[in-house]
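**Q** As input, take input.csv (CSV, C-alpha atoms):
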chain,number,residue,atom,x,y,z
A,1,ARG,CA,-34.9,-171.9,-8.5
A,2,THR,CA,-37.4,-171.8,-11.4
A,3,LEU,CA,-34.6,-172.3,-13.9
A,4,ARG,CA,-33.3,-175.2,-12.0
A,5,GLY,CA,-36.8,-176.7,-11.9
A,6,GLU,CA,-37.2,-176.3,-15.6
A,7,ARG,CA,-33.8,-177.9,-16.2
A,8,SER,CA,-34.7,-180.8,-13.9
A,9,THR,CA,-38.0,-181.4,-15.8
A,10,CYS,CA,-36.2,-181.3,-19.2
A,11,GLU,CA,-33.6,-183.8,-18.0
A,12,ARG,CA,-36.4,-186.2,-16.8
A,13,GLU,CA,-38.1,-185.9,-20.2
A,14,GLU,CA,-34.8,-186.5,-22.0
A,15,LYS,CA,-34.2,-189.6,-19.9
A,16,ARG,CA,-37.7,-190.9,-20.5
A,17,ASP,CA,-37.2,-190.5,-24.3
A,18,GLU,CA,-33.8,-192.2,-24.1
A,19,THR,CA,-35.4,-195.2,-22.2
A,20,MET,CA,-38.1,-195.4,-24.9
A,21,MET,CA,-35.5,-195.5,-27.6
A,22,ILE,CA,-33.6,-198.3,-25.9
A,23,ARG,CA,-36.8,-200.3,-25.3
A,24,TRP,CA,-38.3,-200.0,-28.8
A,25,TRP,CA,-35.3,-199.7,-31.2
A,26,PRO,CA,-34.6,-203.4,-31.4
A,27,LYS,CA,-38.2,-204.1,-32.3
A,28,VAL,CA,-38.3,-201.3,-34.8
A,29,PHE,CA,-35.1,-202.6,-36.4
A,30,ALA,CA,-36.4,-206.2,-36.5
A,31,SER,CA,-39.7,-205.2,-38.2
A,32,CYS,CA,-38.6,-202.6,-40.7
A,33,SER,CA,-36.4,-202.3,-43.8
A,34,PHE,CA,-33.2,-200.4,-43.8
A,35,LEU,CA,-34.3,-197.4,-45.7
A,36,PRO,CA,-37.0,-196.2,-43.3
A,37,LEU,CA,-34.5,-196.6,-40.4
A,38,LEU,CA,-32.0,-194.5,-42.3
A,39,ALA,CA,-34.6,-191.8,-42.9
A,40,GLY,CA,-35.4,-191.9,-39.2
A,41,ALA,CA,-31.8,-191.6,-38.2
A,42,LEU,CA,-31.3,-188.6,-40.5
A,43,ALA,CA,-34.4,-187.0,-39.0
A,44,LEU,CA,-32.9,-187.5,-35.6
A,45,GLN,CA,-29.7,-185.7,-36.7
A,46,SER,CA,-31.5,-182.8,-38.2
A,47,THR,CA,-33.7,-182.0,-35.1
A,48,SER,CA,-32.9,-180.9,-31.6
A,49,SER,CA,-35.2,-183.3,-29.9
A,50,ARG,CA,-35.1,-187.1,-29.7
A,51,ARG,CA,-38.8,-186.9,-29.2
A,52,ALA,CA,-39.2,-185.8,-32.8
A,53,PHE,CA,-37.6,-189.1,-33.9
A,54,LEU,CA,-39.8,-191.2,-31.6
A,55,GLY,CA,-43.0,-189.5,-32.8
A,56,GLY,CA,-42.0,-189.2,-36.4
A,57,GLY,CA,-39.2,-191.4,-37.8
A,58,ALA,CA,-40.1,-194.5,-35.7
A,59,ALA,CA,-43.8,-194.1,-36.5
A,60,VAL,CA,-43.2,-193.9,-40.2
A,61,CYS,CA,-40.9,-196.9,-40.0
A,62,LEU,CA,-43.4,-199.0,-38.1
A,63,SER,CA,-46.3,-198.0,-40.3
A,64,SER,CA,-44.4,-198.8,-43.5
A,65,SER,CA,-42.9,-202.2,-42.3
A,66,LYS,CA,-45.6,-204.2,-44.0
A,67,GLU,CA,-45.1,-202.5,-47.3
A,68,ALA,CA,-41.3,-202.7,-47.0
A,69,LEU,CA,-41.5,-206.5,-46.4
A,70,ALA,CA,-44.5,-207.2,-48.7
A,71,SER,CA,-42.2,-208.5,-51.5
A,72,GLU,CA,-40.6,-211.0,-49.1
A,73,VAL,CA,-43.7,-212.3,-47.4
A,74,PRO,CA,-43.3,-216.1,-47.4
A,75,SER,CA,-45.7,-218.4,-49.1
A,76,SER,CA,-47.9,-220.9,-47.3
A,77,GLY,CA,-45.6,-223.6,-48.5
A,78,GLU,CA,-42.5,-221.9,-47.0
A,79,LEU,CA,-44.4,-221.4,-43.7
A,80,LEU,CA,-45.1,-225.1,-43.5
A,81,ARG,CA,-41.4,-225.6,-42.8
A,82,LEU,CA,-42.1,-224.2,-39.4
A,83,THR,CA,-44.9,-226.8,-38.9
A,84,ARG,CA,-42.6,-229.6,-40.1
A,85,GLY,CA,-39.8,-228.3,-37.9
A,86,TYR,CA,-42.2,-228.4,-34.9
A,87,GLU,CA,-43.2,-232.0,-35.6
A,88,ARG,CA,-39.5,-233.0,-35.8
A,89,ILE,CA,-38.7,-231.4,-32.5
A,90,GLN,CA,-41.6,-233.3,-30.9
A,91,GLU,CA,-40.2,-236.4,-32.5
A,92,LEU,CA,-36.8,-235.7,-31.0
A,93,LEU,CA,-38.2,-235.2,-27.5
A,94,LEU,CA,-40.4,-238.3,-27.7
A,95,ASN,CA,-37.5,-240.4,-28.8
A,96,TRP,CA,-34.7,-238.6,-27.0
A,97,ASP,CA,-32.7,-241.6,-25.8
A,98,ALA,CA,-33.1,-243.6,-29.0
A,99,ILE,CA,-31.9,-240.7,-31.1
A,100,THR,CA,-29.0,-239.5,-28.9
A,101,VAL,CA,-27.9,-242.8,-27.3
A,102,GLY,CA,-25.3,-243.5,-30.0
A,103,SER,CA,-24.3,-246.6,-32.0
A,104,CYS,CA,-24.0,-248.9,-29.0
A,105,ARG,CA,-27.6,-248.3,-28.0
A,106,GLY,CA,-26.6,-247.7,-24.4
A,107,LEU,CA,-24.6,-250.8,-23.9
A,108,VAL,CA,-21.6,-250.6,-21.6
A,109,SER,CA,-18.3,-252.3,-22.4
A,110,ALA,CA,-16.4,-254.4,-20.0
A,111,ALA,CA,-13.6,-251.8,-19.9
A,112,GLU,CA,-16.1,-249.2,-18.8
A,113,GLN,CA,-17.6,-251.4,-16.2
A,114,ALA,CA,-14.2,-251.8,-14.7
A,115,GLN,CA,-13.7,-248.0,-14.3
A,116,VAL,CA,-14.6,-246.3,-11.0
A,117,ILE,CA,-15.4,-243.2,-13.0
A,118,ALA,CA,-16.4,-243.7,-16.6
A,119,THR,CA,-14.1,-241.6,-18.6
A,120,ASN,CA,-13.5,-243.3,-21.9
A,121,GLY,CA,-15.9,-245.7,-23.6
A,122,GLY,CA,-14.3,-245.7,-27.0
A,123,ALA,CA,-15.6,-243.9,-30.1
A,124,THR,CA,-18.0,-246.7,-31.1
A,125,CYS,CA,-19.9,-246.3,-27.8
A,126,ASP,CA,-20.1,-242.6,-27.6
A,127,LYS,CA,-23.4,-240.9,-27.5
A,128,ALA,CA,-24.6,-238.9,-30.4
A,129,PRO,CA,-25.5,-235.4,-29.2
A,130,LEU,CA,-24.8,-233.8,-32.6
A,131,LYS,CA,-28.0,-235.5,-33.9
A,132,ILE,CA,-29.8,-232.7,-32.0
A,133,GLN,CA,-28.6,-230.1,-34.5
A,134,GLU,CA,-30.4,-231.9,-37.3
A,135,TYR,CA,-33.7,-231.1,-35.5
A,136,VAL,CA,-33.2,-227.5,-34.7
A,137,GLY,CA,-31.9,-226.3,-38.1
A,138,TYR,CA,-28.1,-226.2,-37.4
A,139,ARG,CA,-27.0,-229.2,-39.4
A,140,SER,CA,-28.0,-228.8,-43.0
A,141,VAL,CA,-29.6,-226.3,-45.4
A,142,ASN,CA,-32.2,-229.0,-46.0
A,143,ASP,CA,-33.4,-229.0,-42.4
A,144,PRO,CA,-36.9,-227.5,-42.1
A,145,LEU,CA,-35.8,-225.1,-39.4
A,146,PHE,CA,-32.6,-223.9,-41.2
A,147,ARG,CA,-32.5,-220.1,-40.7
A,148,ALA,CA,-36.0,-220.3,-39.3
A,149,ASP,CA,-35.6,-217.0,-37.6
A,150,LYS,CA,-35.2,-215.3,-41.0
A,151,LEU,CA,-38.3,-216.9,-42.3
A,152,MET,CA,-40.2,-215.8,-39.1
A,153,LEU,CA,-39.1,-212.2,-39.6
A,154,ARG,CA,-40.3,-212.3,-43.2
A,155,ALA,CA,-43.7,-213.3,-41.9
A,156,VAL,CA,-44.1,-210.1,-39.8
A,157,PRO,CA,-46.6,-208.6,-42.2
A,158,LEU,CA,-48.9,-211.5,-41.6
A,159,VAL,CA,-49.1,-210.9,-37.9
A,160,ASP,CA,-52.0,-209.0,-36.4
A,161,GLY,CA,-50.9,-205.6,-35.1
A,162,ASP,CA,-51.9,-206.4,-31.5
A,163,ASP,CA,-49.6,-209.4,-31.5
A,164,ILE,CA,-46.5,-207.8,-33.0
A,165,ASP,CA,-44.6,-207.3,-29.7
A,166,ASP,CA,-45.3,-210.9,-28.5
A,167,TYR,CA,-44.3,-212.2,-31.9
A,168,LEU,CA,-41.0,-210.4,-32.2
A,169,ASP,CA,-40.2,-211.4,-28.6
A,170,ALA,CA,-41.0,-215.0,-29.4
A,171,VAL,CA,-38.8,-214.9,-32.6
A,172,ASN,CA,-35.9,-213.5,-30.6
A,173,LEU,CA,-36.3,-216.2,-27.9
A,174,TRP,CA,-36.5,-218.9,-30.6
A,175,ALA,CA,-33.2,-217.8,-32.1
A,176,GLU,CA,-31.6,-217.8,-28.6
A,177,LYS,CA,-33.0,-221.2,-27.5
A,178,ALA,CA,-32.3,-223.0,-30.9
A,179,GLN,CA,-28.7,-221.6,-30.8
A,180,MET,CA,-28.2,-222.8,-27.2
A,181,SER,CA,-29.6,-226.2,-28.1
A,182,SER,CA,-27.0,-226.5,-30.9
A,183,LEU,CA,-24.2,-225.2,-28.7
A,184,ASN,CA,-24.8,-227.5,-25.8
A,185,ALA,CA,-25.1,-230.4,-28.2
A,186,TYR,CA,-21.7,-229.5,-29.7
A,187,THR,CA,-20.1,-229.1,-26.3
A,188,SER,CA,-21.6,-232.4,-25.2
A,189,SER,CA,-19.9,-234.1,-28.1
A,190,TRP,CA,-16.5,-233.0,-26.8
A,191,GLY,CA,-17.4,-233.8,-23.2
A,192,GLU,CA,-14.8,-236.5,-22.9
A,193,ALA,CA,-12.1,-234.9,-25.0
A,194,ASN,CA,-11.9,-231.6,-23.0
A,195,PRO,CA,-9.6,-231.3,-20.0
A,196,ASN,CA,-11.1,-233.1,-17.0
A,197,GLY,CA,-13.7,-234.5,-19.4
A,198,SER,CA,-15.8,-237.5,-18.7
A,199,LYS,CA,-19.0,-239.2,-19.7
A,200,GLY,CA,-20.6,-237.3,-16.8
A,201,GLN,CA,-19.8,-234.1,-18.7
A,202,VAL,CA,-21.3,-235.5,-21.9
A,203,ASN,CA,-24.5,-236.3,-20.1
A,204,ALA,CA,-24.6,-232.9,-18.3
A,205,PHE,CA,-24.4,-230.9,-21.5
A,206,LEU,CA,-26.8,-233.3,-23.1
A,207,ASP,CA,-29.3,-232.6,-20.3
A,208,ASP,CA,-28.8,-228.9,-20.9
A,209,ALA,CA,-29.4,-229.3,-24.6
A,210,LYS,CA,-32.7,-231.2,-23.9
A,211,PHE,CA,-33.9,-228.4,-21.7
A,212,ASP,CA,-33.2,-225.8,-24.4
A,213,VAL,CA,-34.9,-228.0,-27.0
A,214,GLU,CA,-38.0,-228.3,-24.8
A,215,GLU,CA,-38.1,-224.5,-24.5
A,216,SER,CA,-37.6,-224.1,-28.2
A,217,ALA,CA,-40.6,-226.3,-28.8
A,218,THR,CA,-42.7,-224.2,-26.5
A,219,VAL,CA,-41.7,-220.9,-28.3
A,220,LEU,CA,-42.1,-222.4,-31.7
A,221,LYS,CA,-45.6,-223.5,-30.8
A,222,LYS,CA,-46.4,-219.9,-29.8
A,223,ILE,CA,-45.1,-218.6,-33.1
A,224,LEU,CA,-47.2,-221.1,-35.1
A,225,THR,CA,-50.3,-220.1,-33.1
A,226,ILE,CA,-49.7,-216.4,-33.8
A,227,LEU,CA,-49.3,-217.1,-37.5
A,228,ASP,CA,-52.4,-219.4,-37.4
A,229,LEU,CA,-50.4,-222.3,-38.7
A,230,PRO,CA,-51.2,-226.0,-38.0
A,231,LEU,CA,-49.2,-227.9,-35.5
A,232,GLN,CA,-49.3,-231.0,-37.8
A,233,SER,CA,-48.5,-231.2,-41.5
A,234,PRO,CA,-51.6,-231.6,-43.7
A,235,PRO,CA,-51.9,-235.1,-45.2
A,236,PRO,CA,-50.6,-235.4,-48.8
A,237,ALA,CA,-53.1,-234.7,-51.5
Any chance you could put this one into structure tokens?
**A**
Amino acid sequence: RTLRGERSTCEREEKRDETMMIRWWPKVFASCSFLPLLAGALALQSTSSRRAFLGGGAAVCLSSSKEALASEVPSSGELLRLTRGYERIQELLLNWDAITVGSCRGLVSAAEQAQVIATNGGATCDKAPLKIQEYVGYRSVNDPLFRADKLMLRAVPLVDGDDIDDYLDAVNLWAEKAQMSSLNAYTSSWGEANPNGSKGQVNAFLDDAKFDVEESATVLKKILTILDLPLQSPPPA
């Protein structure tokens, strides 16, 4: 019975350690360079307990993350891309209809008015959901938010230790919401061309994209706050 109890206790500890690894590994990976991770992995292979890795390799990796990334810490000028990107997202949300309405400015043709269900308004009257991609960094390398998640990760050494978890969670959420904004914008642009497509489908995916853009703006504001960056670009000198 004693042996069985010891085995049960050991299994519970192993399970706890495994849970800790699953919970913290993505954050360790996101905040450290490859070499400390490799050293931690080798340490894991050469010991009999995963606890040794959690207490040793991961600790070394986390403690050395700032030194490992020091050479890649972005300049204040680079970080202002995030501020400019936030301003552009606010501009998009404030002028959503004007930016996404398309070249016909919302006018409806006589052919459309005659349809019971609007299915085809002609290319010249289509909405312009792909404009959204310009504002979330998915259209051009010149967009302020192009690969913004990479820039955010390079800024990890600038984050106060108490805010690291919140910051990394926010960066992951930003990447997810920005990608979904772009994806829904792209899907909306094909809303009429797809099987059973219609203008209703275009508008539905456009609404989904707007929701994701709104959430992207909220997350980006949190990231700017953690990095102590302004929400508005400074006036030109």
**Q** Enter the distance from atom CA of Leu79 of chain A to atom CA of Lys150 of chain A, in Å, rounded to one decimal.
**A**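 These two atoms are separated by 11.4 Å.
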**Q** So what do you get for atom CA of Thr218 of chain A versus atom CA of Leu93 of chain A, distance-wise?
**A** 11.9 Å
**Q** Quick one, how far is atom CA of Tyr186 of chain A from atom CA of Lys127 of chain A?
**A**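 Interatomic distance, atom CA of Tyr186 of chain A to atom CA of Lys127 of chain A: 11.7 Å.
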**Q** Need to verify the contact set: Leu80 of chain A, 9 Å, all atoms listed in the file, exclusion of same-chain residues closer than 6 positions in sequence. Can you return it as a PyMOL selection string?
**A** chain A and resi 144+229-230+233
**Q** Determine, counting all atoms listed in the file, every residue of protein, DNA or RNA that lies within 9 Å of (-44.9, -211.4, -32.9) in the file coordinates, then give the result as a PDB file with C-alpha atoms, in the coordinates of the input.
**A**
ATOM      1  CA  MET A 152     -40.200-215.800 -39.100  1.00  0.00           C
ATOM      2  CA  LEU A 153     -39.100-212.200 -39.600  1.00  0.00           C
ATOM      3  CA  VAL A 156     -44.100-210.100 -39.800  1.00  0.00           C
ATOM      4  CA  VAL A 159     -49.100-210.900 -37.900  1.00  0.00           C
ATOM      5  CA  ASP A 160     -52.000-209.000 -36.400  1.00  0.00           C
ATOM      6  CA  GLY A 161     -50.900-205.600 -35.100  1.00  0.00           C
ATOM      7  CA  ASP A 162     -51.900-206.400 -31.500  1.00  0.00           C
ATOM      8  CA  ASP A 163     -49.600-209.400 -31.500  1.00  0.00           C
ATOM      9  CA  ILE A 164     -46.500-207.800 -33.000  1.00  0.00           C
ATOM     10  CA  ASP A 165     -44.600-207.300 -29.700  1.00  0.00           C
ATOM     11  CA  ASP A 166     -45.300-210.900 -28.500  1.00  0.00           C
ATOM     12  CA  TYR A 167     -44.300-212.200 -31.900  1.00  0.00           C
ATOM     13  CA  LEU A 168     -41.000-210.400 -32.200  1.00  0.00           C
ATOM     14  CA  ASP A 169     -40.200-211.400 -28.600  1.00  0.00           C
ATOM     15  CA  ALA A 170     -41.000-215.000 -29.400  1.00  0.00           C
ATOM     16  CA  VAL A 171     -38.800-214.900 -32.600  1.00  0.00           C
ATOM     17  CA  ILE A 223     -45.100-218.600 -33.100  1.00  0.00           C
ATOM     18  CA  ILE A 226     -49.700-216.400 -33.800  1.00  0.00           C
ATOM     19  CA  LEU A 227     -49.300-217.100 -37.500  1.00  0.00           C
TER      20      LEU A 227
END
**Q** Which of these residues is nearest to Pro74 of chain A, using only C-alpha atoms: A:Trp190, A:Arg154, A:Leu206, A:Ser181?
**A**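 Nearest to Pro74 of chain A: A:Arg154.
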**Q** Let me make sure I understand: among A:Asp228, A:Asp207, A:Asp149, A:Glu215, which one has the smallest atom-to-atom distance to Asp97 of chain A if we use all atoms listed in the file?
**A**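 Under the stated criterion, the closest residue is A:Asp207.
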**Q** Just checking: using only C-alpha atoms, which residue out of A:Val101, A:Ala209, A:Ala128, A:Val219 ends up closest to Ser189 of chain A?
**A** A:Ala128
**Q** Smallest atom-to-atom distance to Leu94 of chain A: which of A:Leu220, A:Val73, A:Val213, A:Leu173, using all atoms listed in the file?
**A**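 Answer, going by the shortest atom-to-atom distance: A:Val213.
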**Q** Identify, on the basis of only C-alpha atoms, every residue whose closest approach to segment 133-139 of chain A does not exceed 12 Å; exclude the query and any residue fewer than 2 positions from it along the same chain; express the result as a tab-separated table (two decimals) with C-alpha atoms, keeping the file's coordinate frame.
**A**
chain	number	residue	atom	x	y	z
A	81	ARG	CA	-41.40	-225.60	-42.80
A	82	LEU	CA	-42.10	-224.20	-39.40
A	84	ARG	CA	-42.60	-229.60	-40.10
A	85	GLY	CA	-39.80	-228.30	-37.90
A	86	TYR	CA	-42.20	-228.40	-34.90
A	87	GLU	CA	-43.20	-232.00	-35.60
A	88	ARG	CA	-39.50	-233.00	-35.80
A	89	ILE	CA	-38.70	-231.40	-32.50
A	90	GLN	CA	-41.60	-233.30	-30.90
A	91	GLU	CA	-40.20	-236.40	-32.50
A	92	LEU	CA	-36.80	-235.70	-31.00
A	93	LEU	CA	-38.20	-235.20	-27.50
A	96	TRP	CA	-34.70	-238.60	-27.00
A	99	ILE	CA	-31.90	-240.70	-31.10
A	100	THR	CA	-29.00	-239.50	-28.90
A	128	ALA	CA	-24.60	-238.90	-30.40
A	129	PRO	CA	-25.50	-235.40	-29.20
A	130	LEU	CA	-24.80	-233.80	-32.60
A	131	LYS	CA	-28.00	-235.50	-33.90
A	141	VAL	CA	-29.60	-226.30	-45.40
A	142	ASN	CA	-32.20	-229.00	-46.00
A	143	ASP	CA	-33.40	-229.00	-42.40
A	144	PRO	CA	-36.90	-227.50	-42.10
A	145	LEU	CA	-35.80	-225.10	-39.40
A	146	PHE	CA	-32.60	-223.90	-41.20
A	147	ARG	CA	-32.50	-220.10	-40.70
A	148	ALA	CA	-36.00	-220.30	-39.30
A	149	ASP	CA	-35.60	-217.00	-37.60
A	150	LYS	CA	-35.20	-215.30	-41.00
A	174	TRP	CA	-36.50	-218.90	-30.60
A	175	ALA	CA	-33.20	-217.80	-32.10
A	176	GLU	CA	-31.60	-217.80	-28.60
A	177	LYS	CA	-33.00	-221.20	-27.50
A	178	ALA	CA	-32.30	-223.00	-30.90
A	179	GLN	CA	-28.70	-221.60	-30.80
A	180	MET	CA	-28.20	-222.80	-27.20
A	181	SER	CA	-29.60	-226.20	-28.10
A	182	SER	CA	-27.00	-226.50	-30.90
A	183	LEU	CA	-24.20	-225.20	-28.70
A	184	ASN	CA	-24.80	-227.50	-25.80
A	185	ALA	CA	-25.10	-230.40	-28.20
A	186	TYR	CA	-21.70	-229.50	-29.70
A	187	THR	CA	-20.10	-229.10	-26.30
A	188	SER	CA	-21.60	-232.40	-25.20
A	189	SER	CA	-19.90	-234.10	-28.10
A	206	LEU	CA	-26.80	-233.30	-23.10
A	209	ALA	CA	-29.40	-229.30	-24.60
A	210	LYS	CA	-32.70	-231.20	-23.90
A	212	ASP	CA	-33.20	-225.80	-24.40
A	213	VAL	CA	-34.90	-228.00	-27.00
A	214	GLU	CA	-38.00	-228.30	-24.80
A	215	GLU	CA	-38.10	-224.50	-24.50
A	216	SER	CA	-37.60	-224.10	-28.20
A	217	ALA	CA	-40.60	-226.30	-28.80
A	220	LEU	CA	-42.10	-222.40	-31.70
**Q** Looking at all atoms listed in the file, which of A:Phe205, A:Glu72, A:Ser198, A:Thr225 is the one that sits closest to Leu151 of chain A?
**A**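 So, comparing all the options, the nearest one is A:Glu72.
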